[in-house]
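Printed here is entry.txt (compact mmCIF, C-alpha atoms and all ligand atoms):
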# COMPACT_ATOMS: atom_id res chain seq x y z
CA MET A 1 92.50 110.03 91.63
CA LEU A 2 95.87 110.42 93.35
CA ARG A 3 96.56 107.96 96.13
CA ILE A 4 98.50 109.04 99.20
CA GLY A 5 99.69 106.54 101.83
CA MET A 6 99.94 107.78 105.41
CA ILE A 7 102.59 105.61 106.98
CA ILE A 8 102.70 105.00 110.73
CA GLY A 9 106.41 105.04 111.53
CA SER A 10 106.44 103.43 114.97
CA THR A 11 105.67 99.85 115.94
CA ARG A 12 106.26 99.67 119.69
CA PRO A 13 103.44 98.66 122.08
CA GLY A 14 101.81 101.82 123.42
CA ARG A 15 103.08 103.92 120.53
CA ARG A 16 101.69 107.44 120.16
CA GLY A 17 102.13 107.28 116.41
CA GLU A 18 98.89 105.44 115.79
CA ALA A 19 96.70 108.18 117.33
CA VAL A 20 98.65 110.85 115.43
CA ALA A 21 98.32 109.04 112.10
CA LYS A 22 94.60 108.36 112.57
CA TRP A 23 93.97 112.03 113.40
CA ALA A 24 95.87 113.13 110.28
CA CYS A 25 94.10 110.57 108.10
CA GLU A 26 90.69 111.79 109.29
CA ILE A 27 91.62 115.35 108.32
CA ALA A 28 92.93 114.13 104.97
CA GLN A 29 89.86 112.06 104.20
CA ARG A 30 87.68 115.20 104.33
CA ARG A 31 89.48 116.36 101.19
CA THR A 32 88.32 115.52 97.69
CA ASP A 33 91.56 116.01 95.76
CA ALA A 34 93.14 112.63 96.63
CA GLU A 35 92.47 109.29 98.28
CA PHE A 36 94.23 108.62 101.56
CA GLU A 37 95.00 105.28 103.15
CA LEU A 38 96.50 104.56 106.55
CA VAL A 39 99.46 102.19 106.24
CA ASP A 40 100.72 100.47 109.36
CA ILE A 41 104.18 98.98 108.86
CA LYS A 42 103.45 96.79 111.89
CA ASP A 43 100.90 94.87 109.75
CA PHE A 44 103.65 93.75 107.35
CA ASN A 45 105.78 92.01 110.00
CA LEU A 46 108.98 93.01 108.29
CA PRO A 47 112.10 91.51 109.87
CA LEU A 48 115.40 93.38 109.63
CA LEU A 49 116.15 93.56 105.91
CA ASP A 50 116.56 89.94 104.80
CA GLU A 51 116.60 90.14 100.99
CA PRO A 52 119.83 88.89 99.37
CA MET A 53 119.73 91.26 96.37
CA PRO A 54 119.85 95.07 96.60
CA PRO A 55 116.28 96.47 96.68
CA MET A 56 117.05 98.59 93.59
CA MET A 57 116.98 95.36 91.54
CA GLY A 58 113.44 94.51 92.68
CA ARG A 59 114.19 90.78 92.85
CA TYR A 60 112.37 89.97 96.03
CA THR A 61 112.36 86.48 97.51
CA HIS A 62 110.10 86.84 100.55
CA ALA A 63 106.32 87.12 100.75
CA HIS A 64 106.59 89.95 103.31
CA THR A 65 108.72 92.00 100.89
CA LYS A 66 106.34 91.37 97.98
CA ALA A 67 103.35 92.43 100.08
CA TRP A 68 105.13 95.58 101.27
CA SER A 69 106.28 96.34 97.72
CA ALA A 70 102.74 96.05 96.33
CA LYS A 71 101.36 98.36 99.01
CA VAL A 72 104.03 101.05 98.60
CA ALA A 73 103.87 100.87 94.79
CA SER A 74 100.12 101.53 94.88
CA PHE A 75 100.61 105.15 96.00
CA ASP A 76 101.51 108.38 94.23
CA GLY A 77 102.81 110.01 97.40
CA TYR A 78 103.31 109.51 101.11
CA VAL A 79 102.96 111.15 104.46
CA PHE A 80 105.44 109.73 106.95
CA VAL A 81 104.25 109.92 110.54
CA THR A 82 107.49 109.65 112.45
CA PRO A 83 108.55 109.64 116.06
CA GLU A 84 111.95 111.00 117.06
CA TYR A 85 114.20 108.30 118.48
CA ASN A 86 117.67 109.52 119.46
CA HIS A 87 117.48 112.47 117.05
CA GLY A 88 116.55 110.29 114.08
CA THR A 89 113.54 108.41 112.79
CA SER A 90 112.63 104.97 114.16
CA ALA A 91 114.64 101.91 113.16
CA ALA A 92 111.34 100.26 112.13
CA LEU A 93 110.54 102.99 109.63
CA LYS A 94 114.08 103.20 108.25
CA ASN A 95 114.11 99.41 107.81
CA ALA A 96 110.74 99.47 106.02
CA ILE A 97 112.01 102.21 103.71
CA ASP A 98 115.25 100.32 102.99
CA PHE A 99 113.38 97.17 101.91
CA LEU A 100 112.35 98.85 98.61
CA TYR A 101 113.67 101.30 96.07
CA ASN A 102 111.81 101.77 92.78
CA GLU A 103 108.44 101.73 94.53
CA TRP A 104 109.33 105.08 96.17
CA THR A 105 111.03 106.77 93.24
CA ASN A 106 109.66 109.91 91.56
CA LYS A 107 106.94 110.39 94.12
CA ALA A 108 106.26 113.09 96.73
CA ALA A 109 106.37 112.97 100.51
CA GLY A 110 105.39 115.10 103.48
CA PHE A 111 106.05 114.60 107.17
CA ILE A 112 104.26 114.64 110.48
CA SER A 113 106.56 114.28 113.47
CA TYR A 114 106.25 114.34 117.22
CA GLY A 115 108.56 114.39 120.21
CA GLY A 116 110.07 116.64 122.87
CA THR A 117 111.20 119.08 120.17
CA SER A 118 108.31 118.15 117.86
CA GLY A 119 110.37 115.47 116.14
CA VAL A 120 111.97 117.92 113.75
CA ARG A 121 115.35 116.17 113.82
CA ALA A 122 113.73 112.91 112.72
CA VAL A 123 112.33 114.73 109.70
CA GLU A 124 115.70 116.28 108.82
CA ASN A 125 117.10 112.74 108.95
CA LEU A 126 114.31 111.39 106.72
CA ARG A 127 114.75 114.17 104.14
CA LEU A 128 118.30 112.94 103.49
CA VAL A 129 117.06 109.36 103.08
CA MET A 130 114.31 110.51 100.71
CA ALA A 131 116.82 112.35 98.52
CA GLU A 132 118.62 109.07 97.80
CA LEU A 133 115.28 107.44 96.91
CA GLN A 134 114.47 110.31 94.51
CA VAL A 135 111.43 111.30 96.51
CA ALA A 136 110.46 114.99 96.40
CA THR A 137 109.89 116.18 99.97
CA VAL A 138 107.66 119.17 100.59
CA ARG A 139 108.58 122.15 102.75
CA ALA A 140 105.48 122.36 104.95
CA GLN A 141 105.64 119.89 107.81
CA VAL A 142 103.63 119.17 110.91
CA GLY A 143 105.58 119.14 114.17
CA LEU A 144 103.68 117.99 117.24
CA SER A 145 105.13 118.86 120.63
CA MET A 146 104.96 116.55 123.63
CA PHE A 147 104.52 119.73 125.70
CA THR A 148 101.58 121.33 123.88
CA ASP A 149 99.96 118.65 121.69
CA PHE A 150 99.88 115.82 124.24
CA GLU A 151 98.15 115.99 127.61
CA ASN A 152 100.55 114.93 130.38
CA PHE A 153 103.05 114.04 127.62
CA SER A 154 100.80 111.11 126.86
CA VAL A 155 97.26 111.62 125.50
CA PHE A 156 97.22 113.15 122.03
CA LYS A 157 95.30 116.46 122.06
CA PRO A 158 96.68 118.62 119.25
CA VAL A 159 96.23 122.39 119.37
CA ALA A 160 93.58 123.52 116.88
CA SER A 161 96.02 125.24 114.52
CA GLN A 162 97.71 121.93 113.67
CA GLU A 163 94.78 120.96 111.41
CA GLN A 164 95.55 123.84 109.05
CA THR A 165 99.20 122.83 109.00
CA VAL A 166 98.21 119.29 108.01
CA ASN A 167 96.19 120.68 105.11
CA THR A 168 98.99 123.00 103.98
CA MET A 169 101.40 120.05 103.96
CA LEU A 170 98.86 117.93 102.06
CA ASP A 171 98.30 120.73 99.50
CA GLN A 172 102.01 120.56 98.71
CA VAL A 173 102.20 116.74 98.66
CA ILE A 174 99.25 116.56 96.26
CA SER A 175 100.68 119.22 93.92
CA TRP A 176 104.05 117.49 93.73
CA ALA A 177 102.55 114.00 93.51
CA SER A 178 100.41 115.15 90.61
CA ALA A 179 103.38 116.69 88.78
CA LEU A 180 105.55 113.62 89.32
CA LYS A 181 102.89 111.27 88.01
CA THR A 182 103.48 112.83 84.60
CA LEU A 183 107.21 112.19 84.94
CA ARG A 184 106.61 108.54 85.83
CA ARG A 185 104.44 108.13 82.71
CA THR A 186 107.22 109.65 80.58
CA ASP A 187 109.77 107.29 82.14
CA ILE A 188 107.61 104.28 81.30
CA SER A 189 107.07 105.28 77.66
CA SER A 190 110.76 106.07 77.06
CA ALA A 191 111.82 102.78 78.68
CA SER A 192 109.61 100.77 76.33
CA ALA A 193 110.54 102.78 73.19
C1 LIG A 201 114.15 104.87 121.82
C2 LIG A 201 113.58 106.24 122.05
C3 LIG A 201 114.34 107.35 121.80
C4 LIG A 201 113.81 108.63 121.94
N1 LIG A 201 114.58 109.71 121.61
C5 LIG A 201 114.01 110.94 121.60
C6 LIG A 201 114.74 112.04 121.10
O1 LIG A 201 115.86 111.94 120.67
N2 LIG A 201 114.14 113.25 121.10
C7 LIG A 201 112.85 113.41 121.55
O2 LIG A 201 112.35 114.53 121.50
N3 LIG A 201 112.13 112.38 122.02
C8 LIG A 201 112.68 111.15 122.05
N4 LIG A 201 111.97 110.08 122.50
C9 LIG A 201 110.59 110.32 122.97
C10 LIG A 201 109.63 110.00 121.83
O3 LIG A 201 109.60 111.01 120.86
C11 LIG A 201 108.22 109.75 122.37
O4 LIG A 201 108.30 108.73 123.34
C12 LIG A 201 107.27 109.32 121.29
O5 LIG A 201 106.01 109.06 121.87
C13 LIG A 201 107.75 108.06 120.57
O6 LIG A 201 106.87 107.71 119.52
P1 LIG A 201 105.94 106.41 119.62
O7 LIG A 201 105.15 106.57 120.90
O8 LIG A 201 105.02 106.49 118.42
O9 LIG A 201 106.81 105.23 119.63
C14 LIG A 201 112.48 108.80 122.39
C15 LIG A 201 111.71 107.65 122.69
C16 LIG A 201 112.24 106.39 122.51
C17 LIG A 201 111.37 105.19 122.75
Would you put the structure from the file into structure tokens?
Ligand SMILES: Cc1cc2nc3c(=O)[nH]c(=O)nc-3n(C[C@H](O)[C@H](O)[C@H](O)COP(=O)(O)O)c2cc1C
Amino acid sequence: MLRIGMIIGSTRPGRRGEAVAKWACEIAQRRTDAEFELVDIKDFNLPLLDEPMPPMMGRYTHAHTKAWSAKVASFDGYVFVTPEYNHGTSAALKNAIDFLYNEWTNKAAGFISYGGTSGVRAVENLRLVMAELQVATVRAQVGLSMFTDFENFSVFKPVASQEQTVNTMLDQVISWASALKTLRRTDISSASA
């Protein structure tokens, strides 16, 4: 069974990201074509990147990096739940991404964003980052507006149509994650030949 990690991209007290990610994970867990797990980067207590060697080398020295590596490596694909901070993603999410390299590679990712303009600029920013990590990003994305999907810009109450958009995005993540799993198997066999 494919495993998809749904990553909460904000860590601040009072964050809206947790409610958004839990809502999306509940929708996802009604599906039978993959397993979904909520991943809270806050739980990993990652400092600003503190590994001496480039992540691409995978020579990690800290327990927090090893724990984060094991979690990220356990998935075939990801859904990033990102806020928009100053037209980009959060520093916490970018830092968590930067900690690793090979754990992300040749996998698929989709996005759920939120903000005044539905967080779309944060996703454009993340797509560029994903390209360098060789992650295939899907076209369908969920954009949640502070004006229409949050009551008083605060309490998360998504409009009903957003559920279908989540499923369309997940359809694409699962298709690509499935295809890329084959590529990862090929990579492993050719590396050991
Ligand atoms: C540091 C910071 C920068 C922000 N910059 C933007 C922005 O550029 N565009 C936008 O639409 N909203 C912006 N916002 C509003 C956030 O999208 C909104 O507060 C959202 O709830 C943040 O996600 P979080 O609650 O999960 O941390 C910003 C909020 C913060 C805290």
Among the residues A:Gly110, A:Pro83, A:Gly143, A:Pro52, the one that comes closest to ligand LIG 201 (chain A) [using all atoms listed in the file]: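 Smallest distance to ligand LIG 201 (chain A) is found for A:Pro83.
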For chain A against ligand LIG 201 (chain A), with a cut-off of 8 Å and counting only C-alpha atoms and all ligand atoms, what is the closest atom pair and its distance in Å to one decimal for every residue that makes the cut, ordered by chain and number, as CSV?
residue,atom,partner,partner_atom,distance
A:Gly9,CA,A:LIG201,O8,7.2
A:Ser10,CA,A:LIG201,O8,4.8
A:Thr11,CA,A:LIG201,O9,6.6
A:Arg12,CA,A:LIG201,O9,5.6
A:Pro13,CA,A:LIG201,O9,7.8
A:Gly14,CA,A:LIG201,O7,6.3
A:Arg15,CA,A:LIG201,O7,3.4
A:Arg16,CA,A:LIG201,O7,3.6
A:Gly17,CA,A:LIG201,O8,3.6
A:Glu18,CA,A:LIG201,O8,6.8
A:Thr82,CA,A:LIG201,O8,7.2
A:Pro83,CA,A:LIG201,O6,4.3
A:Glu84,CA,A:LIG201,O3,4.5
A:Tyr85,CA,A:LIG201,N1,3.5
A:Asn86,CA,A:LIG201,O1,3.3
A:His87,CA,A:LIG201,O1,4.0
A:Gly88,CA,A:LIG201,O1,6.8
A:Ser90,CA,A:LIG201,C1,7.8
A:Tyr114,CA,A:LIG201,O3,6.0
A:Gly115,CA,A:LIG201,O3,3.6
A:Gly116,CA,A:LIG201,O2,3.4
A:Thr117,CA,A:LIG201,O2,4.9
A:Ser118,CA,A:LIG201,O2,6.5
A:Gly119,CA,A:LIG201,O2,5.8
A:Arg121,CA,A:LIG201,N2,7.9
A:Met146,CA,A:LIG201,C11,7.6
A:Ser154,CA,A:LIG201,O5,7.5
Contacts of Ala177 of chain A within 8 Å, all atoms listed in the file, excl. fewer than 5 positions in-chain, as an MDAnalysis selection string: chainID A and resid 2 76:77 107:108
Taking (101.3, 112.9, 91.2) in the coordinates of the supplied file, I want to know which residues reach to within 10 Å of it, counting only C-alpha atoms; could you give the answer as a compact mmCIF listing (two decimals) with C-alpha atoms, keeping the file's coordinate frame?
# COMPACT_ATOMS: atom_id res chain seq x y z
CA MET A 1 92.50 110.03 91.63
CA LEU A 2 95.87 110.42 93.35
CA ARG A 3 96.56 107.96 96.13
CA ILE A 4 98.50 109.04 99.20
CA ALA A 34 93.14 112.63 96.63
CA PHE A 75 100.61 105.15 96.00
CA ASP A 76 101.51 108.38 94.23
CA GLY A 77 102.81 110.01 97.40
CA ASN A 106 109.66 109.91 91.56
CA LYS A 107 106.94 110.39 94.12
CA ALA A 108 106.26 113.09 96.73
CA VAL A 173 102.20 116.74 98.66
CA ILE A 174 99.25 116.56 96.26
CA SER A 175 100.68 119.22 93.92
CA TRP A 176 104.05 117.49 93.73
CA ALA A 177 102.55 114.00 93.51
CA SER A 178 100.41 115.15 90.61
CA ALA A 179 103.38 116.69 88.78
CA LEU A 180 105.55 113.62 89.32
CA LYS A 181 102.89 111.27 88.01
CA THR A 182 103.48 112.83 84.60
CA LEU A 183 107.21 112.19 84.94
CA ARG A 184 106.61 108.54 85.83
A:Val79, A:Ala160, A:Val20, A:Ile97 ranked by distance to Gln172 of chain A, top pick (using only C-alpha atoms):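 Closest residue, counting only C-alpha atoms: A:Val79.
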Within 12 Å of Ser161 of chain A, counting only C-alpha atoms, which residues qualify if same-chain residues fewer than 4 places away don't, as a compact mmCIF listing (two decimals) with C-alpha atoms, in the coordinates of the input?
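What ended up in result05.txt:
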# COMPACT_ATOMS: atom_id res chain seq x y z
CA VAL A 142 103.63 119.17 110.91
CA GLY A 143 105.58 119.14 114.17
CA LEU A 144 103.68 117.99 117.24
CA THR A 148 101.58 121.33 123.88
CA ASP A 149 99.96 118.65 121.69
CA LYS A 157 95.30 116.46 122.06
CA THR A 165 99.20 122.83 109.00
CA VAL A 166 98.21 119.29 108.01
CA ASN A 167 96.19 120.68 105.11
CA THR A 168 98.99 123.00 103.98
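Across A:Glu37, A:Asp50, A:Glu103, A:Glu151, the tightest approach to Phe80 of chain A is made by A:Glu37 when counting only C-alpha atoms.
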Spatial neighbours of His64 of chain A, max dist 12 Å, all atoms listed in the file, sep filter under 6 positions, as a list in words: Ile41, Lys42, Asp43, Phe44, Asn45, Leu46, Pro47, Leu48, Leu49, Asp50, Glu51, Ala70, Lys71, Ala96, Phe99 and Leu100 of chain A
Nearest to Ser145 of chain A, chosen from A:Val72, A:Ile27, A:Leu128, A:Val159, with only C-alpha atoms counted in the distances: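 Nearest to Ser145 of chain A: A:Val159.
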What lies within 9 Å of Leu38 of chain A using all atoms listed in the file, ignoring chain neighbours under 5 positions off, as a short mmCIF file (atom, residue, chain, number, x, y, z; two decimals) with C-alpha atoms, in the coordinates of the input?
data_model
loop_
_atom_site.label_atom_id
_atom_site.label_comp_id
_atom_site.auth_asym_id
_atom_site.auth_seq_id
_atom_site.Cartn_x
_atom_site.Cartn_y
_atom_site.Cartn_z
CA ILE A 4 98.50 109.04 99.20
CA GLY A 5 99.69 106.54 101.83
CA MET A 6 99.94 107.78 105.41
CA ILE A 7 102.59 105.61 106.98
CA ILE A 8 102.70 105.00 110.73
CA ALA A 21 98.32 109.04 112.10
CA LYS A 22 94.60 108.36 112.57
CA CYS A 25 94.10 110.57 108.10
#
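Taking atom CA of Leu93 of chain A and atom CA of Arg59 of chain A as the two end points, the separation is 21.1 Å.
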Mind completing segment 40-51 of chain A with all heavy atoms? Output as an mmCIF file, keeping the file's coordinate frame, please?
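The resulting selection08.cif:
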data_model
loop_
_atom_site.group_PDB
_atom_site.id
_atom_site.type_symbol
_atom_site.label_atom_id
_atom_site.label_comp_id
_atom_site.auth_asym_id
_atom_site.auth_seq_id
_atom_site.Cartn_x
_atom_site.Cartn_y
_atom_site.Cartn_z
ATOM 1 N N ASP A 40 100.051 100.777 108.102
ATOM 2 C CA ASP A 40 100.720 100.470 109.360
ATOM 3 C C ASP A 40 101.836 99.465 109.078
ATOM 4 O O ASP A 40 101.567 98.295 108.770
ATOM 5 C CB ASP A 40 99.699 99.878 110.340
ATOM 6 C CG ASP A 40 100.230 99.816 111.759
ATOM 7 O OD1 ASP A 40 101.454 99.955 111.949
ATOM 8 O OD2 ASP A 40 99.406 99.623 112.674
ATOM 9 N N ILE A 41 103.083 99.904 109.194
ATOM 10 C CA ILE A 41 104.180 98.980 108.860
ATOM 11 C C ILE A 41 104.167 97.753 109.772
ATOM 12 O O ILE A 41 104.640 96.684 109.391
ATOM 13 C CB ILE A 41 105.588 99.662 108.865
ATOM 14 C CG1 ILE A 41 105.867 100.395 110.158
ATOM 15 C CG2 ILE A 41 105.753 100.565 107.697
ATOM 16 C CD1 ILE A 41 107.261 101.033 110.199
ATOM 17 N N LYS A 42 103.573 97.916 110.953
ATOM 18 C CA LYS A 42 103.450 96.790 111.890
ATOM 19 C C LYS A 42 102.701 95.609 111.241
ATOM 20 O O LYS A 42 103.013 94.450 111.492
ATOM 21 C CB LYS A 42 102.672 97.276 113.107
ATOM 22 C CG LYS A 42 102.817 96.492 114.355
ATOM 23 C CD LYS A 42 102.358 97.364 115.531
ATOM 24 C CE LYS A 42 102.348 96.580 116.814
ATOM 25 N NZ LYS A 42 101.042 95.964 117.086
ATOM 26 N N ASP A 43 101.715 95.919 110.389
ATOM 27 C CA ASP A 43 100.900 94.870 109.750
ATOM 28 C C ASP A 43 101.718 93.991 108.800
ATOM 29 O O ASP A 43 101.278 92.904 108.411
ATOM 30 C CB ASP A 43 99.747 95.477 108.938
ATOM 31 C CG ASP A 43 98.730 96.154 109.820
ATOM 32 O OD1 ASP A 43 98.696 95.856 111.024
ATOM 33 O OD2 ASP A 43 97.972 97.001 109.298
ATOM 34 N N PHE A 44 102.875 94.474 108.365
ATOM 35 C CA PHE A 44 103.650 93.750 107.350
ATOM 36 C C PHE A 44 104.702 92.825 107.965
ATOM 37 O O PHE A 44 105.354 92.066 107.245
ATOM 38 C CB PHE A 44 104.274 94.744 106.357
ATOM 39 C CG PHE A 44 103.224 95.409 105.513
ATOM 40 C CD1 PHE A 44 102.510 96.500 105.990
ATOM 41 C CD2 PHE A 44 102.880 94.904 104.269
ATOM 42 C CE1 PHE A 44 101.493 97.090 105.251
ATOM 43 C CE2 PHE A 44 101.872 95.478 103.514
ATOM 44 C CZ PHE A 44 101.168 96.575 104.006
ATOM 45 N N ASN A 45 104.841 92.900 109.284
ATOM 46 C CA ASN A 45 105.780 92.010 110.000
ATOM 47 C C ASN A 45 107.132 91.905 109.310
ATOM 48 O O ASN A 45 107.656 90.800 109.091
ATOM 49 C CB ASN A 45 105.170 90.610 110.145
ATOM 50 C CG ASN A 45 104.001 90.622 111.101
ATOM 51 O OD1 ASN A 45 104.082 91.232 112.160
ATOM 52 N ND2 ASN A 45 102.903 90.001 110.718
ATOM 53 N N LEU A 46 107.687 93.027 108.971
ATOM 54 C CA LEU A 46 108.980 93.010 108.290
ATOM 55 C C LEU A 46 110.091 92.704 109.294
ATOM 56 O O LEU A 46 110.189 93.373 110.320
ATOM 57 C CB LEU A 46 109.258 94.376 107.643
ATOM 58 C CG LEU A 46 108.312 94.806 106.523
ATOM 59 C CD1 LEU A 46 108.546 96.273 106.167
ATOM 60 C CD2 LEU A 46 108.490 93.924 105.288
ATOM 61 N N PRO A 47 110.925 91.706 109.013
ATOM 62 C CA PRO A 47 112.100 91.510 109.870
ATOM 63 C C PRO A 47 113.142 92.568 109.505
ATOM 64 O O PRO A 47 112.913 93.382 108.600
ATOM 65 C CB PRO A 47 112.580 90.123 109.462
ATOM 66 C CG PRO A 47 112.176 90.010 108.031
ATOM 67 C CD PRO A 47 110.905 90.813 107.864
ATOM 68 N N LEU A 48 114.307 92.542 110.141
ATOM 69 C CA LEU A 48 115.400 93.380 109.630
ATOM 70 C C LEU A 48 115.696 92.905 108.214
ATOM 71 O O LEU A 48 115.604 91.699 107.922
ATOM 72 C CB LEU A 48 116.636 93.253 110.518
ATOM 73 C CG LEU A 48 116.549 93.990 111.858
ATOM 74 C CD1 LEU A 48 117.796 93.725 112.689
ATOM 75 C CD2 LEU A 48 116.355 95.494 111.675
ATOM 76 N N LEU A 49 116.009 93.836 107.351
ATOM 77 C CA LEU A 49 116.150 93.560 105.910
ATOM 78 C C LEU A 49 116.825 92.198 105.657
ATOM 79 O O LEU A 49 117.962 91.962 106.068
ATOM 80 C CB LEU A 49 116.969 94.684 105.266
ATOM 81 C CG LEU A 49 117.229 94.556 103.769
ATOM 82 C CD1 LEU A 49 115.947 94.480 102.974
ATOM 83 C CD2 LEU A 49 118.091 95.711 103.285
ATOM 84 N N ASP A 50 116.075 91.322 104.996
ATOM 85 C CA ASP A 50 116.560 89.940 104.800
ATOM 86 C C ASP A 50 116.510 89.514 103.336
ATOM 87 O O ASP A 50 116.395 88.323 103.044
ATOM 88 C CB ASP A 50 115.761 88.960 105.685
ATOM 89 C CG ASP A 50 114.275 88.930 105.330
ATOM 90 O OD1 ASP A 50 113.822 89.793 104.565
ATOM 91 O OD2 ASP A 50 113.566 88.033 105.816
ATOM 92 N N GLU A 51 116.565 90.473 102.419
ATOM 93 C CA GLU A 51 116.600 90.140 100.990
ATOM 94 C C GLU A 51 118.065 90.062 100.529
ATOM 95 O O GLU A 51 118.846 90.972 100.810
ATOM 96 C CB GLU A 51 115.866 91.210 100.175
ATOM 97 C CG GLU A 51 114.355 91.172 100.323
ATOM 98 C CD GLU A 51 113.713 89.944 99.684
ATOM 99 O OE1 GLU A 51 114.389 89.281 98.872
ATOM 100 O OE2 GLU A 51 112.559 89.648 100.018
#
